[in-house]
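Trainee: Would you mind keeping the following structure in view while I ask a few things?
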There are 2 protein chains.
Amino acid sequence: MLEFDDLKKLLSDPDSLSTDLSDLGDYFHDATEYSAPPLAVLMARNRDDVTAAVKFCAERNIPITARGAGTGLSGGCVPSKGAMVLSTEHLRKLQIDPEAKTAICGPGVITKELTDTAEEHGLTYPPDPASYEESTLGGNVAENAGGLRCKRFGVTKDYVIGLEAVLADGSVLRTGTLGSGAGFSLGDLLIASEGTLAVITEIAVRLVSPSPPGTTILASFSSPRDAAQTVSDITTAGIIPTVMEFLDGDAAACSNEYEKTEGLSDAAAILLIETGDGELGVQASKIRDFCEKNSCRLLRIEPDHQKAEALWMVRRNLSKATKELARYWVSEDLAVPNSRFPELVDYVAQLNAESPVRLNSYGHAGDGNLHVNFLAPSDSPKIVAEIERVIDLLVDRALALNGTLSGEHGIGLAKKMYLDREFDRPTLAVMRKIKSVFDPQGILNPDKLLPDPE
Amino acid sequence: MLEFDDLKKLLSDPDSLSTDLSDLGDYFHDATEYSAPPLAVLMARNRDDVTAAVKFCAERNIPITARGAGTGLSGGCVPSKGAMVLSTEHLRKLQIDPEAKTAICGPGVITKELTDTAEEHGLTYPPDPASYEESTLGGNVAENAGGLRCKRFGVTKDYVIGLEAVLADGSVLRTGTLGSGAGFSLGDLLIASEGTLAVITEIAVRLVSPSPPGTTILASFSSPRDAAQTVSDITTAGIIPTVMEFLDGDAAACSNEYEKTEGLSDAAAILLIETGDGELGVQASKIRDFCEKNSCRLLRIEPDHQKAEALWMVRRNLSKATKELARYWVSEDLAVPNSRFPELVDYVAQLNAESPVRLNSYGHAGDGNLHVNFLAPSDSPKIVAEIERVIDLLVDRALALNGTLSGEHGIGLAKKMYLDREFDRPTLAVMRKIKSVFDPQGILNPDKLLPDPE
C-alpha cells in the first residue's frame, strides 16, 4: 500500500485517499449481493484528482473502479480485483441555466438534488430511478438509469447532452454540448458503459418544464395475465400514462406485509398508474374502462396528487420490503416489447409456481420492463444454483420475446455471462475492440460488462 | 474496370453493378454542390450483395461510399476518390408490427413510405426531414436527420431501436432490439456516422400514435430579433409547439418570389408555428400574446389543418425557391441553445448587411437550429472565398454561443474542416481510433466526417 503514498502527494487533499479499509466497508459493494475489497478508496475533490489518479494507476497497471452512491443493481461499481475505488461523490458542482434549460452537473450530484434545484427554477429533470434520493448523476449515466416515468419521459440517455470524461491515459474527452449531431456520438457510447471506458467528470443535461400531476389509479386483478392485458390494451390504444407500474400478487403481498394497503391482500396483480394527458378525465376514464374490461377487482381513482402519495408507497416500499423479507436477495431486470409483456408475465407466474424459491415481480410495465426478485432464506449452494437456473430460463425467454437482458439496471457483474446470448460474435468483437480503444491496458473497471474472454 | 466483372459473379443480379457511368450522373453528387465520379455503382438487391461487395472491395482496397437517395446536404454520400458507390435504394423491406409499434425497414425505404404505411395502422413515424418524400431511412440514419417536428418529437436517433450493418470485414453487426440498455451503444455510434463505420442494411424503428393536428400560426415581424425573441419567450414559457419555423426577411422574400403569400412581401422575419397540445385554444392564445408582445405585424391563425397547408407551403417551397434563385448555392446548418437563438439571428443579419453575397436564413427555431443559405450568381473564386469567409465567422459564433457545427445536416465534406473547432484533440483522437476499429483499412467512405490528418 506504500505506493499510494506517492499518489497522495499528487492530490488536492492527501486525506481524500485511504488504504485503511476498516471504515470503508460500504465501498466493497453496491445494492446487490456482490462484494469485494478495494486496495484503496479515493474521494476525488476535482477533475485534476481524477486525472492524477488515472495516470498514476495506468503507470502501475492498477485497476480503477469508479463509483457514485453505490445504489446500482448489477454489481457495476463493485471493486474489480485489486482495484482502487475512485468515488466521484464529492464532485457536486451544480449549475442550472434556467433560460437554456440545462444543468451542468458533477457526477456526484444526487439525482433528487438535481430535480429539487431544477424545481426552484420551474423546471424538472424527469428520470427518476427508484433510488433517486441517493443515486448520483454519474451512476445514472454509467448505468443509463430509467425510472418510474421513463416510458413517457425517457431514460437518462434522453437527457444527457454532453459529457466530460477522463480517459485511461489521463487525457480529457469532451463530447458535444447540444447532444450534438457533429462527429461520432461518443457521449452515447459512454452512457451505460459502467466506468469501463472512461471516468465521467461532468454531465450536461437538458431540463424540461414539468407536466401537471395526473390522476392516480390503483387497480387489482385476479390474475397477472389480466393486468398485463390491461397494460397491452392501454398502450395499444395509444395512451401513454406518466407512470404505469405492474406488481404481481407476490410483490403486492410483500408490500402489504411491509405496510397494509386496502385491496392488496388478495390481489393476484396490481397496476399503479398516473395518467399523463392534459384532459385528465378522458384518459382516466379510458384506463378505467380497460381495467373493467379485464375484470379488475378493485379500482381506486385518486385525482388529488397529495392523497395519491399513499398509493405510490405501495410501489416505493417494495424494494425495502423485498430486501427485508429475504436473507439472500437477487433482483433480475428484463425488458420485452410492450406487446409481449403478457407472455413474460405469464412465464414468470409459471416459474414462480414451479420453483421452490420465493419469487416476485414488478416493473415499469409501460416500458415492457419487469424486475424479477428472488427472496431466499440463505445463500446456500443449492439455493444459488436454483436461482441461477431460473434466471437462465428467464433470460432466454426474454430474448426469445425480442427483449433484452437489461431494462435499466445495466450489465455489471450480474449479466455479463449472458451478453453473448443477446449479441452475436461480430457484435461482441466490436465491443471488445472499442473497450481496447478507450482502455488499452484494461485498467478501467475490468471484468465488468463484457463477457470473460473465451 | 475489368476487376468489377469478378464482383458481378458474386452478386444476386450481375446487372445491379455498372461501370458505365454515362447514365449514372445522379450518383456523382448529393443535394450540395460537391460532385465526384465513382468507379462503379452497385444497386444492392439484398444483404448478401452488400457483404460480397464489401469483402471484394476490402481485398482490393477499393473505397466504398454507401448512398440512399442522395438528398443529403453535407456531401456525405458524394463518392470518395476512387470509390464504388453502394446504393441501398433497392433494399426496401418494410414490415410493420402494429401491436409492438415497431417497423423493420430496409435502408432504401423512403421516409414518406414509412410514414404512410405506419398511418395505415393508425401509427406514425415523426421524423420529417424536408426531403422526406425522397430521402431514405438509411440516409436519415447515416446523417441523423431531423425535421420540422424534431423539437417536439425528436430526431431519427430517438426512433431507431436497432440496426443491422455490414462491417468492413464483411461480418454483420446487430445492435439491440429495444434500444437495448445492454452492452455498449453501438447503434448510437452508427447513427450519424455517414457510412464511415459500416454499411447499414436494416433499421428497426419505433412508431407512435399520431397526435391530433394543431392550430397553424403565421406571424410576420419588423425585425428578425423580434421573431427570435418570440421564439425564446415561447420556449421559456415551457410551450413546445409541434413545429416552430423561423424565416428571416430574405427567406420570406425568396419564398414569396416563388409563390405569392399575403404578408410575406415586406416581412423582416416570419414565424410559422403549429401548436402541439390537446387544449389547442390555450396554447394558440399564449403564442398569439407573445407574438403581439414582440410587435408582430401580421398574425394569421388557422385552426383548420387542410387550410393551413397553404401557409406551410411558404416553408416547404423554400429549398426549391432558394436553389432556383441562385446559380451557386451553399447551405450552412448550425444550432445553438434556444436561449442563444436571438444572438445567432442577430449575427446573421449583421453578416447579411455586410457581405456582398446574398444570404437568407431559416430553420427549426424550437430546436435552436438555423440554416443559412448563400445564393450566388456563380462559383467564381472570389465568391467562393467570400462564402467561406462568412461561414468561418458563422461557425465560430455558433460555437461561441455553446452551439454545434451541425444541427441536422451532418458533417460529410462540408464541415469536416471545422470539426476540430468543436472537439479538442483528445476527443478527435478517440473518434479516429473508433474509425480504425470499424474500418482498419480506411475503405468506408474515406475523407468524410473526420478532418484530414494534420
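Naming scheme: A, B, ... for chains in displayed order of the C-alpha cells; residues 1 onward per chain; ligands 1 onward as shown.
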As a short mmCIF file (atom, residue, chain, number, x, y, z; two decimals) with C-alpha atoms, in the first residue's frame, please: the residues near B:Leu344 (cut-off 9 Å, only C-alpha atoms, same-chain neighbours under 2 positions excluded).

Mentor:
data_model
loop_
_atom_site.label_atom_id
_atom_site.label_comp_id
_atom_site.auth_asym_id
_atom_site.auth_seq_id
_atom_site.Cartn_x
_atom_site.Cartn_y
_atom_site.Cartn_z
CA ALA B 335 -27.58 25.01 -33.96
CA VAL B 336 -27.32 26.87 -30.66
CA ARG B 340 -28.96 32.00 -27.63
CA PHE B 341 -31.06 31.84 -30.80
CA PRO B 342 -31.73 35.61 -30.89
CA ASP B 346 -28.76 38.98 -34.99
CA TYR B 347 -25.34 37.94 -36.14
CA VAL B 348 -26.65 36.50 -39.40
CA ALA B 349 -28.50 39.79 -40.06
CA LEU B 370 -30.68 27.73 -38.23
CA LEU B 394 -20.65 31.79 -38.51
CA ARG B 397 -20.02 32.39 -33.48
CA ALA B 398 -22.26 29.31 -33.20
CA LEU B 401 -22.78 30.54 -28.27
#

Trainee: What residues in chain A have any atom no more than 6 Å from chain B when counting only C-alpha atoms, and can you write them as a list in words?

Mentor: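 In the required form, that comes to Glu99, Ala100, Leu173, Gly181, Ala182, Phe184, Ser185, Leu189, Ser193, Ser209, Gly238, Ser339, Ser406, Pro426 and Thr427 of chain A.
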
Trainee: Go ahead and dump the residues you just picked, N, CA and C atoms, as a JSON list (two decimals), in the first residue's frame.

Mentor:
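The new file out-v9.json reads:
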[["chain", "number", "residue", "atom", "x", "y", "z"],
["A", 99, "GLU", "N", -32.64, 29.69, -18.49],
["A", 99, "GLU", "CA", -33.07, 30.15, -19.81],
["A", 99, "GLU", "C", -32.80, 29.10, -20.87],
["A", 100, "ALA", "N", -31.60, 28.52, -20.80],
["A", 100, "ALA", "CA", -31.26, 27.46, -21.76],
["A", 100, "ALA", "C", -31.88, 26.13, -21.37],
["A", 173, "LEU", "N", -11.75, 13.90, -22.43],
["A", 173, "LEU", "CA", -12.65, 13.89, -23.58],
["A", 173, "LEU", "C", -13.85, 14.78, -23.29],
["A", 181, "GLY", "N", -25.01, 16.76, -33.20],
["A", 181, "GLY", "CA", -25.02, 15.84, -34.31],
["A", 181, "GLY", "C", -23.67, 15.76, -35.00],
["A", 182, "ALA", "N", -22.66, 16.46, -34.46],
["A", 182, "ALA", "CA", -21.36, 16.52, -35.13],
["A", 182, "ALA", "C", -20.45, 15.39, -34.65],
["A", 184, "PHE", "N", -18.72, 11.44, -34.31],
["A", 184, "PHE", "CA", -19.27, 10.21, -33.74],
["A", 184, "PHE", "C", -19.87, 10.51, -32.36],
["A", 185, "SER", "N", -20.94, 9.79, -32.03],
["A", 185, "SER", "CA", -21.65, 10.05, -30.77],
["A", 185, "SER", "C", -20.93, 9.43, -29.58],
["A", 189, "LEU", "N", -21.89, 6.54, -26.37],
["A", 189, "LEU", "CA", -21.08, 5.35, -26.12],
["A", 189, "LEU", "C", -20.70, 5.26, -24.64],
["A", 193, "SER", "N", -21.84, 2.66, -20.07],
["A", 193, "SER", "CA", -20.59, 1.89, -20.21],
["A", 193, "SER", "C", -19.98, 1.53, -18.86],
["A", 209, "SER", "N", -39.91, 21.65, -18.72],
["A", 209, "SER", "CA", -40.98, 22.20, -17.90],
["A", 209, "SER", "C", -41.81, 21.04, -17.36],
["A", 238, "GLY", "N", -52.81, 3.75, -27.65],
["A", 238, "GLY", "CA", -52.03, 4.97, -27.83],
["A", 238, "GLY", "C", -52.01, 5.86, -26.60],
["A", 339, "SER", "N", -45.89, -5.35, -26.45],
["A", 339, "SER", "CA", -46.89, -6.31, -26.93],
["A", 339, "SER", "C", -46.60, -7.73, -26.42],
["A", 406, "SER", "N", -31.29, -6.38, -20.13],
["A", 406, "SER", "CA", -31.29, -5.36, -19.10],
["A", 406, "SER", "C", -32.22, -4.23, -19.47],
["A", 426, "PRO", "N", -19.67, -11.21, -34.00],
["A", 426, "PRO", "CA", -19.07, -10.00, -34.59],
["A", 426, "PRO", "C", -19.41, -8.74, -33.79],
["A", 427, "THR", "N", -20.62, -8.71, -33.23],
["A", 427, "THR", "CA", -21.03, -7.54, -32.48],
["A", 427, "THR", "C", -20.23, -7.44, -31.18]]

Trainee: So how far away is atom CA of A:Pro453 from atom CA of B:Ile203, in Å?

Mentor: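 It comes out at 29.5 Å.
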
Trainee: Taking the backbone alone, and naming residues the way the document does, which bits of stretch 112-281 of chain B are alpha helix (DSSP H) by DSSP, as a ChimeraX atom specification?

Mentor: /B:112-120,137-143,150-153,186-190,224-236,249-258,280-281

Trainee: Among stretch 63-218 of chain A, which residues carry a DSSP assignment of strand (DSSP E or B), reported as a PyMOL selection string?

Mentor: chain A and resi 64-67+84-87+94-97+102-105+110+124+136+160-166+172-174+199-206+208+216-218

Trainee: Output C-alpha atoms for every residue in the selection just made, as a short mmCIF file (atom, residue, chain, number, x, y, z; two decimals), in the first residue's frame.

Mentor:
data_model
loop_
_atom_site.label_atom_id
_atom_site.label_comp_id
_atom_site.auth_asym_id
_atom_site.auth_seq_id
_atom_site.Cartn_x
_atom_site.Cartn_y
_atom_site.Cartn_z
CA ILE A 64 -9.81 1.60 -11.17
CA THR A 65 -13.46 1.14 -10.35
CA ALA A 66 -15.34 4.44 -10.49
CA ARG A 67 -18.29 4.75 -8.18
CA MET A 84 -8.63 1.38 -6.37
CA VAL A 85 -12.16 2.70 -5.94
CA LEU A 86 -12.49 6.19 -7.39
CA SER A 87 -15.51 7.76 -5.76
CA LEU A 94 -24.42 22.03 -9.99
CA GLN A 95 -25.07 24.96 -12.31
CA ILE A 96 -28.51 25.50 -13.75
CA ASP A 97 -29.12 27.76 -16.73
CA THR A 102 -29.79 22.95 -18.98
CA ALA A 103 -27.77 21.88 -15.98
CA ILE A 104 -24.05 21.21 -15.69
CA CYS A 105 -23.54 18.59 -13.00
CA ILE A 110 -27.61 13.31 -6.26
CA THR A 124 -37.63 19.40 -13.80
CA THR A 136 -25.81 10.12 -8.29
CA VAL A 160 -27.71 13.91 -21.38
CA ILE A 161 -26.48 16.49 -23.89
CA GLY A 162 -22.79 16.49 -23.08
CA LEU A 163 -20.16 14.66 -21.09
CA GLU A 164 -16.63 15.33 -19.90
CA ALA A 165 -14.65 12.23 -19.03
CA VAL A 166 -11.08 11.34 -18.12
CA VAL A 172 -9.89 14.58 -21.10
CA LEU A 173 -12.65 13.89 -23.58
CA ARG A 174 -15.45 16.41 -24.16
CA VAL A 199 -14.29 8.19 -15.73
CA ILE A 200 -17.08 10.73 -16.15
CA THR A 201 -16.26 14.06 -14.51
CA GLU A 202 -19.01 16.35 -15.77
CA ILE A 203 -22.51 15.87 -17.16
CA ALA A 204 -24.64 18.37 -19.04
CA VAL A 205 -28.34 17.56 -19.08
CA ARG A 206 -31.37 19.24 -20.51
CA VAL A 208 -37.89 20.41 -19.12
CA THR A 216 -53.52 8.12 -9.87
CA ILE A 217 -55.26 4.80 -10.47
CA LEU A 218 -54.73 1.63 -8.47
#

Trainee: Which residues, written as a PyMOL selection string, have at least one atom at most 8 Å from B:Ser35, with only C-alpha atoms counted and residues fewer than 5 positions away on the same chain left out?

Mentor: chain B and resi 28-30+78-79

Trainee: Can you spit out the residues from that selection as a PDB file, in the first residue's frame, using N, CA and C atoms?

Mentor:
ATOM      1  N   PHE B  28     -23.084  10.993 -58.768  1.00  0.00           N
ATOM      2  CA  PHE B  28     -21.858  11.773 -58.576  1.00  0.00           C
ATOM      3  C   PHE B  28     -21.989  12.735 -57.396  1.00  0.00           C
ATOM      4  N   HIS B  29     -23.227  13.018 -56.978  1.00  0.00           N
ATOM      5  CA  HIS B  29     -23.411  14.111 -56.009  1.00  0.00           C
ATOM      6  C   HIS B  29     -24.588  13.837 -55.079  1.00  0.00           C
ATOM      7  N   ASP B  30     -24.701  14.684 -54.052  1.00  0.00           N
ATOM      8  CA  ASP B  30     -25.928  14.700 -53.252  1.00  0.00           C
ATOM      9  C   ASP B  30     -26.639  16.021 -53.543  1.00  0.00           C
ATOM     10  N   VAL B  78     -21.327  11.844 -51.440  1.00  0.00           N
ATOM     11  CA  VAL B  78     -20.578  12.131 -52.671  1.00  0.00           C
ATOM     12  C   VAL B  78     -19.435  11.109 -52.753  1.00  0.00           C
ATOM     13  N   PRO B  79     -19.268  10.439 -53.898  1.00  0.00           N
ATOM     14  CA  PRO B  79     -18.271   9.361 -53.964  1.00  0.00           C
ATOM     15  C   PRO B  79     -16.888   9.804 -53.478  1.00  0.00           C
TER      16      PRO B  79
END

Trainee: Please identify all polymer residues within 12 Å of B:Asp392, counting only C-alpha atoms, omitting same-chain residues fewer than 3 positions from it, and present them as an MDAnalysis selection string.

Mentor: chainID B and resid 332 334 351 385:389 395:399 405 414:415 417:419 421

Trainee: Between atom CA of A:Leu42 and atom CA of A:Ser16, what is the spacing in Å?

Mentor: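 Atom-to-atom, atom CA of A:Ser16 to atom CA of A:Leu42, that is 5.7 Å.
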
Trainee: Measuring atom to atom with only C-alpha atoms, identify which of B:Ala31, B:Val345, B:Ala44, B:Ile301 is nearest to B:Ser18.

Mentor: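 With only C-alpha atoms as the atom set, the closest residue is B:Ala44.
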
Trainee: Mind checking which residues fall within 9 Å of A:Leu21, counting only C-alpha atoms, ignoring those fewer than 2 positions away in the same chain, and posting them as a PyMOL selection string?

Mentor: chain A and resi 18-19+23-25+27+37-41

Trainee: Which neighbours of A:Leu299 fall inside 10 Å, counting only C-alpha atoms, when residues of the same chain fewer than 4 positions from it are skipped, and could you give them as a list in words?

Mentor: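 Final neighbour list, sorted by chain and number: Ile217, Leu218, Ala219, Ser220, Phe221, Gly263, Ile270, Leu271, Arg288, Cys291 and Glu292 of chain A.
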
Trainee: Keeping C-alpha atoms for every residue in the selection just given, could you write it to a file as a PDB file, in the first residue's frame?

Mentor:
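Now in result33.pdb:
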ATOM      1  CA  ILE A 217     -55.261   4.804 -10.468  1.00  0.00           C
ATOM      2  CA  LEU A 218     -54.733   1.627  -8.467  1.00  0.00           C
ATOM      3  CA  ALA A 219     -56.367  -1.472  -9.902  1.00  0.00           C
ATOM      4  CA  SER A 220     -56.175  -5.009  -8.572  1.00  0.00           C
ATOM      5  CA  PHE A 221     -56.711  -8.088 -10.712  1.00  0.00           C
ATOM      6  CA  GLY A 263     -57.007  -4.173  -1.830  1.00  0.00           C
ATOM      7  CA  ILE A 270     -51.764  -4.694  -9.251  1.00  0.00           C
ATOM      8  CA  LEU A 271     -51.464  -1.822 -11.688  1.00  0.00           C
ATOM      9  CA  ARG A 288     -60.842   2.630 -16.065  1.00  0.00           C
ATOM     10  CA  CYS A 291     -59.344  -2.194 -16.256  1.00  0.00           C
ATOM     11  CA  GLU A 292     -63.015  -3.150 -16.072  1.00  0.00           C
TER      12      GLU A 292
END
